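Just below is one structure, and these are the notes that go with it.
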Amino acid sequence: MTTGIRAMVLREPDRLELELFERPRIGDDDALLRVEACGICGTDAEVLSGRIPLADAVIPGHEPVGRIEAIGPRAARRWKLAPGDRVVLEADFGCGRCLGCLDASTCLVSPGTFGFVPTKTAPALWGGYAEMLYLPPGAVPHKIDARIEPRIAALYNALGAGFAWAVAAPGLRVGDTVAIFGPGQRGLACVLAARAAGATRIFVTGMGARDAAKLALARELGAELAIDVEREDPVERIRGATGGAGVDVVVDTTPHAAQPVLDAVRAARPGGTIVLAGLKGRAVPDFPTDEIAMRRLTVRGVRAVDHRSFRQAIGLIESRRLPLERLHTHHYPLEDAALAVRTLTAGGERPAIAITVEP
Ligand SMILES: [Zn+2]
Ligand SMILES: [Zn+2]
């Protein structure tokens, strides 16, 4: 059989292969999405490499954009969607009915995440690296203006994280000062979200030559200072720029580095908030407990994107107020999904910020 729905399946680490699947039959309560683009992030790299271990084969991809291909009558009423509508999806889905689902937190009955449900669970098409994606009754699709290009719409996840981490988690207020550690996709999204939420002064850090272009872009997107931590002490620089006070909010998006956590404690003003978003893969040595207590700092951990942050991200994309196309740097056909993920982590000739896989 050579016809069917094309999808990239991960059966073991670093082996992503094209397979064909049958088109699922849609009932009253579910839908089928024709994927136009799927964003990728650091989580995709962890899944492909096996650092996030999976027991069974999956179709990865949790940041899909597409058009409604087929939809059941009850799902159409509930989601206010019709065939042809362009939507983006929240990565997590649930039963749609329990208390967890109703208050838009985590489902208490049958939580799931696109890109992580095994293909052996019918109807197999649970990931965004595919031509079609199955939307179960508990999925949370958001309609997005169909005039927005799919690869720009695919920024909804990164921008959602920007609002969740730099605005919602620290309770950012108009006039606040913010330092964002790391100029990657998430860090730059934090710059845009903080600026949209009314932060007056934004500082961004990066590392050396490999981040030079991203730091320059951070400046263009509204950061006042772009600090190369290989050449300057970020704490001194941030304190110097704030009259010795430090910033209201620090968001650390850097992966696998301990020093930024220690820097964050010293760059925050007394009573300020530190948001820890980058996973380190180990404990931070010499964690300055006393300094956190003495300076009355709030430390918050963040992971996923909440419902409201998704809505804010979509609103910002639809407003066309920002040069979001500057963030999208690469796109690859479905068959090159593994190359897309490698490019995000290893970079290439041009700096990689936001990348899409496009069936
Ligand atoms: Zn992601
Ligand atoms: Zn639920």
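Ordered as shown in the structure tokens, chains take letters A, B, and onward, while each chain numbers its residues from 1 and ligands are numbered from 1 in the order shown.
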Taking only stretch 109-280 of chain A into account, list the residues labelled strand (DSSP E) by DSSP (computed from the backbone), as a tab-separated table (two decimals) with N, CA and C atoms, in the first residue's frame.
chain	number	residue	atom	x	y	z
A	112	GLY	N	-3.45	13.99	28.37
A	112	GLY	CA	-2.60	13.58	27.25
A	112	GLY	C	-1.89	14.78	26.68
A	113	THR	N	-0.83	14.54	25.92
A	113	THR	CA	-0.11	15.62	25.26
A	113	THR	C	0.17	15.19	23.82
A	132	MET	N	-1.91	14.71	8.91
A	132	MET	CA	-3.18	14.87	9.63
A	132	MET	C	-2.96	14.59	11.10
A	133	LEU	N	-3.74	15.29	11.92
A	133	LEU	CA	-3.67	15.12	13.37
A	133	LEU	C	-5.09	14.89	13.88
A	134	TYR	N	-5.23	13.91	14.75
A	134	TYR	CA	-6.54	13.62	15.33
A	134	TYR	C	-6.81	14.54	16.52
A	135	LEU	N	-7.98	15.15	16.57
A	135	LEU	CA	-8.35	16.00	17.71
A	135	LEU	C	-9.39	15.26	18.56
A	141	PRO	N	-8.50	23.51	20.80
A	141	PRO	CA	-8.07	24.27	19.63
A	141	PRO	C	-8.43	25.74	19.77
A	142	HIS	N	-7.59	26.61	19.23
A	142	HIS	CA	-7.88	28.05	19.18
A	142	HIS	C	-7.92	28.45	17.72
A	143	LYS	N	-9.02	29.07	17.32
A	143	LYS	CA	-9.11	29.58	15.95
A	143	LYS	C	-8.15	30.76	15.81
A	177	THR	N	10.81	46.51	35.30
A	177	THR	CA	12.06	46.23	34.61
A	177	THR	C	12.28	44.72	34.61
A	178	VAL	N	12.79	44.20	33.50
A	178	VAL	CA	12.90	42.75	33.33
A	178	VAL	C	14.26	42.37	32.76
A	179	ALA	N	14.86	41.32	33.30
A	179	ALA	CA	16.05	40.75	32.67
A	179	ALA	C	15.70	39.35	32.19
A	180	ILE	N	16.01	39.05	30.95
A	180	ILE	CA	15.74	37.73	30.39
A	180	ILE	C	17.07	37.07	30.06
A	181	PHE	N	17.33	35.95	30.68
A	181	PHE	CA	18.58	35.23	30.46
A	181	PHE	C	18.38	34.22	29.35
A	201	ARG	N	11.73	48.57	30.71
A	201	ARG	CA	13.14	48.33	30.40
A	201	ARG	C	13.38	46.83	30.40
A	202	ILE	N	13.98	46.35	29.31
A	202	ILE	CA	14.20	44.91	29.15
A	202	ILE	C	15.68	44.68	28.84
A	203	PHE	N	16.30	43.78	29.60
A	203	PHE	CA	17.70	43.42	29.38
A	203	PHE	C	17.75	41.94	29.00
A	204	VAL	N	18.62	41.60	28.06
A	204	VAL	CA	18.72	40.21	27.61
A	204	VAL	C	20.18	39.77	27.64
A	205	THR	N	20.43	38.53	28.06
A	205	THR	CA	21.79	38.02	28.04
A	205	THR	C	21.95	36.91	27.01
A	206	GLY	N	23.18	36.76	26.51
A	206	GLY	CA	23.50	35.67	25.59
A	206	GLY	C	24.97	35.36	25.74
A	225	LEU	N	19.20	46.62	26.58
A	225	LEU	CA	20.59	46.16	26.70
A	225	LEU	C	20.67	44.71	26.27
A	226	ALA	N	21.69	44.39	25.46
A	226	ALA	CA	21.96	42.99	25.12
A	226	ALA	C	23.35	42.69	25.67
A	227	ILE	N	23.43	41.78	26.62
A	227	ILE	CA	24.66	41.55	27.36
A	227	ILE	C	25.29	40.22	26.97
A	228	ASP	N	26.53	40.28	26.50
A	228	ASP	CA	27.28	39.06	26.18
A	228	ASP	C	28.00	38.62	27.45
A	247	VAL	N	16.60	44.41	38.90
A	247	VAL	CA	15.33	44.43	38.15
A	247	VAL	C	14.18	43.81	38.95
A	248	ASP	N	12.95	44.17	38.55
A	248	ASP	CA	11.77	43.61	39.22
A	248	ASP	C	11.63	42.12	38.95
A	249	VAL	N	11.98	41.71	37.72
A	249	VAL	CA	11.75	40.33	37.30
A	249	VAL	C	12.96	39.81	36.54
A	250	VAL	N	13.40	38.59	36.86
A	250	VAL	CA	14.40	37.90	36.05
A	250	VAL	C	13.77	36.61	35.55
A	251	VAL	N	13.88	36.33	34.25
A	251	VAL	CA	13.41	35.06	33.70
A	251	VAL	C	14.63	34.32	33.16
A	252	ASP	N	14.92	33.15	33.73
A	252	ASP	CA	16.06	32.37	33.24
A	252	ASP	C	15.57	31.28	32.29
A	268	ALA	N	18.18	40.44	40.66
A	268	ALA	CA	16.82	40.85	41.03
A	268	ALA	C	16.89	41.90	42.14
A	269	ARG	N	15.95	42.83	42.13
A	269	ARG	CA	15.90	43.82	43.22
A	269	ARG	C	15.36	43.14	44.47
A	270	PRO	N	15.59	43.71	45.66
A	270	PRO	CA	14.98	43.14	46.87
A	270	PRO	C	13.46	43.07	46.69
A	271	GLY	N	12.87	41.93	47.00
A	271	GLY	CA	11.43	41.76	46.81
A	271	GLY	C	11.05	41.38	45.39
A	272	GLY	N	12.03	41.22	44.52
A	272	GLY	CA	11.75	40.89	43.12
A	272	GLY	C	11.42	39.41	42.91
A	273	THR	N	11.15	39.06	41.66
A	273	THR	CA	10.73	37.69	41.34
A	273	THR	C	11.67	37.07	40.31
A	274	ILE	N	12.04	35.82	40.56
A	274	ILE	CA	12.87	35.06	39.62
A	274	ILE	C	12.03	33.91	39.07
A	275	VAL	N	12.00	33.80	37.76
A	275	VAL	CA	11.25	32.71	37.14
A	275	VAL	C	12.26	31.73	36.55
A	276	LEU	N	12.18	30.48	36.99
A	276	LEU	CA	13.10	29.45	36.50
A	276	LEU	C	12.38	28.63	35.43
| request: Return as a PyMOL selection string every polymer residue, whether protein, DNA or RNA, with at least one atom no more than 9 Å from an atom of ligand 2; count only C-alpha atoms and all ligand atoms. | output: chain A and resi 93-102+105-111+138
Could you save the residues just selected, with N, CA and C atoms, as a PDB file, in the first residue's frame?
ATOM      1  N   PHE A  93      -4.148  17.936  26.297  1.00  0.00           N
ATOM      2  CA  PHE A  93      -5.600  17.771  26.212  1.00  0.00           C
ATOM      3  C   PHE A  93      -6.042  16.857  27.345  1.00  0.00           C
ATOM      4  N   GLY A  94      -7.358  16.825  27.583  1.00  0.00           N
ATOM      5  CA  GLY A  94      -7.877  16.000  28.677  1.00  0.00           C
ATOM      6  C   GLY A  94      -9.214  15.418  28.304  1.00  0.00           C
ATOM      7  N   CYS A  95     -10.027  15.123  29.322  1.00  0.00           N
ATOM      8  CA  CYS A  95     -11.345  14.538  29.068  1.00  0.00           C
ATOM      9  C   CYS A  95     -12.334  15.633  28.686  1.00  0.00           C
ATOM     10  N   GLY A  96     -12.021  16.885  29.050  1.00  0.00           N
ATOM     11  CA  GLY A  96     -12.895  18.003  28.718  1.00  0.00           C
ATOM     12  C   GLY A  96     -14.038  18.202  29.705  1.00  0.00           C
ATOM     13  N   ARG A  97     -14.124  17.351  30.737  1.00  0.00           N
ATOM     14  CA  ARG A  97     -15.293  17.422  31.609  1.00  0.00           C
ATOM     15  C   ARG A  97     -14.966  17.464  33.098  1.00  0.00           C
ATOM     16  N   CYS A  98     -13.778  16.999  33.510  1.00  0.00           N
ATOM     17  CA  CYS A  98     -13.493  16.913  34.952  1.00  0.00           C
ATOM     18  C   CYS A  98     -13.168  18.305  35.507  1.00  0.00           C
ATOM     19  N   LEU A  99     -13.029  18.408  36.826  1.00  0.00           N
ATOM     20  CA  LEU A  99     -12.759  19.711  37.447  1.00  0.00           C
ATOM     21  C   LEU A  99     -11.442  20.308  36.935  1.00  0.00           C
ATOM     22  N   GLY A 100     -10.433  19.457  36.748  1.00  0.00           N
ATOM     23  CA  GLY A 100      -9.153  19.942  36.231  1.00  0.00           C
ATOM     24  C   GLY A 100      -9.323  20.582  34.862  1.00  0.00           C
ATOM     25  N   CYS A 101     -10.050  19.910  33.979  1.00  0.00           N
ATOM     26  CA  CYS A 101     -10.284  20.455  32.634  1.00  0.00           C
ATOM     27  C   CYS A 101     -11.108  21.744  32.712  1.00  0.00           C
ATOM     28  N   LEU A 102     -12.117  21.765  33.592  1.00  0.00           N
ATOM     29  CA  LEU A 102     -13.030  22.913  33.639  1.00  0.00           C
ATOM     30  C   LEU A 102     -12.332  24.177  34.127  1.00  0.00           C
ATOM     31  N   SER A 105      -6.771  23.776  34.041  1.00  0.00           N
ATOM     32  CA  SER A 105      -5.454  23.335  34.514  1.00  0.00           C
ATOM     33  C   SER A 105      -5.192  21.938  33.948  1.00  0.00           C
ATOM     34  N   THR A 106      -4.837  20.966  34.790  1.00  0.00           N
ATOM     35  CA  THR A 106      -4.499  19.655  34.254  1.00  0.00           C
ATOM     36  C   THR A 106      -5.648  18.674  34.445  1.00  0.00           C
ATOM     37  N   CYS A 107      -5.954  17.924  33.399  1.00  0.00           N
ATOM     38  CA  CYS A 107      -7.032  16.939  33.475  1.00  0.00           C
ATOM     39  C   CYS A 107      -6.713  15.908  34.559  1.00  0.00           C
ATOM     40  N   LEU A 108      -7.727  15.574  35.359  1.00  0.00           N
ATOM     41  CA  LEU A 108      -7.535  14.617  36.454  1.00  0.00           C
ATOM     42  C   LEU A 108      -7.912  13.204  36.028  1.00  0.00           C
ATOM     43  N   VAL A 109      -8.503  13.054  34.849  1.00  0.00           N
ATOM     44  CA  VAL A 109      -9.036  11.751  34.428  1.00  0.00           C
ATOM     45  C   VAL A 109      -8.161  11.093  33.357  1.00  0.00           C
ATOM     46  N   SER A 110      -7.991  11.760  32.228  1.00  0.00           N
ATOM     47  CA  SER A 110      -7.216  11.154  31.141  1.00  0.00           C
ATOM     48  C   SER A 110      -6.369  12.212  30.441  1.00  0.00           C
ATOM     49  N   PRO A 111      -5.325  12.717  31.155  1.00  0.00           N
ATOM     50  CA  PRO A 111      -4.496  13.761  30.546  1.00  0.00           C
ATOM     51  C   PRO A 111      -3.651  13.204  29.399  1.00  0.00           C
ATOM     52  N   GLY A 138     -11.377  16.147  24.097  1.00  0.00           N
ATOM     53  CA  GLY A 138     -10.808  17.030  25.113  1.00  0.00           C
ATOM     54  C   GLY A 138      -9.696  17.929  24.613  1.00  0.00           C
TER      55      GLY A 138
END
| request: Give the answer as one residue: which of A:Phe287, A:Leu344, A:His307, A:Val261 has the shortest atom-to-atom distance to ligand 1, using only C-alpha atoms and all ligand atoms? | output: A:Leu344
| So, counting only C-alpha atoms, which residue among A:Val305, A:Cys38, A:Asp286, A:Lys80 is closest to A:Ile152? |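 For A:Ile152, the nearest of the given residues is A:Cys38.
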| task | Show me which residues sit within 7 Å of ligand 1 when counting only C-alpha atoms and all ligand atoms, and put them as a count of residues only. | result | 8
| request: Go through A:Val35, A:Val87, A:Ala45, A:Asp211 and flag the residue nearest A:Trp126, using only C-alpha atoms for the distances. | output: A:Val35
| query | When you draw a straight line from atom CA of A:Ala161 to atom CA of A:Glu236, how long is it in Å? | reply |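 Those two atoms sit 27.7 Å apart.
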| For A:Pro53, which residue out of A:Gly246, A:Pro13, A:Gly27, A:Gly66 is the nearest one, using only C-alpha atoms? |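 Checking each candidate against A:Pro53, we get A:Pro13 as the closest.
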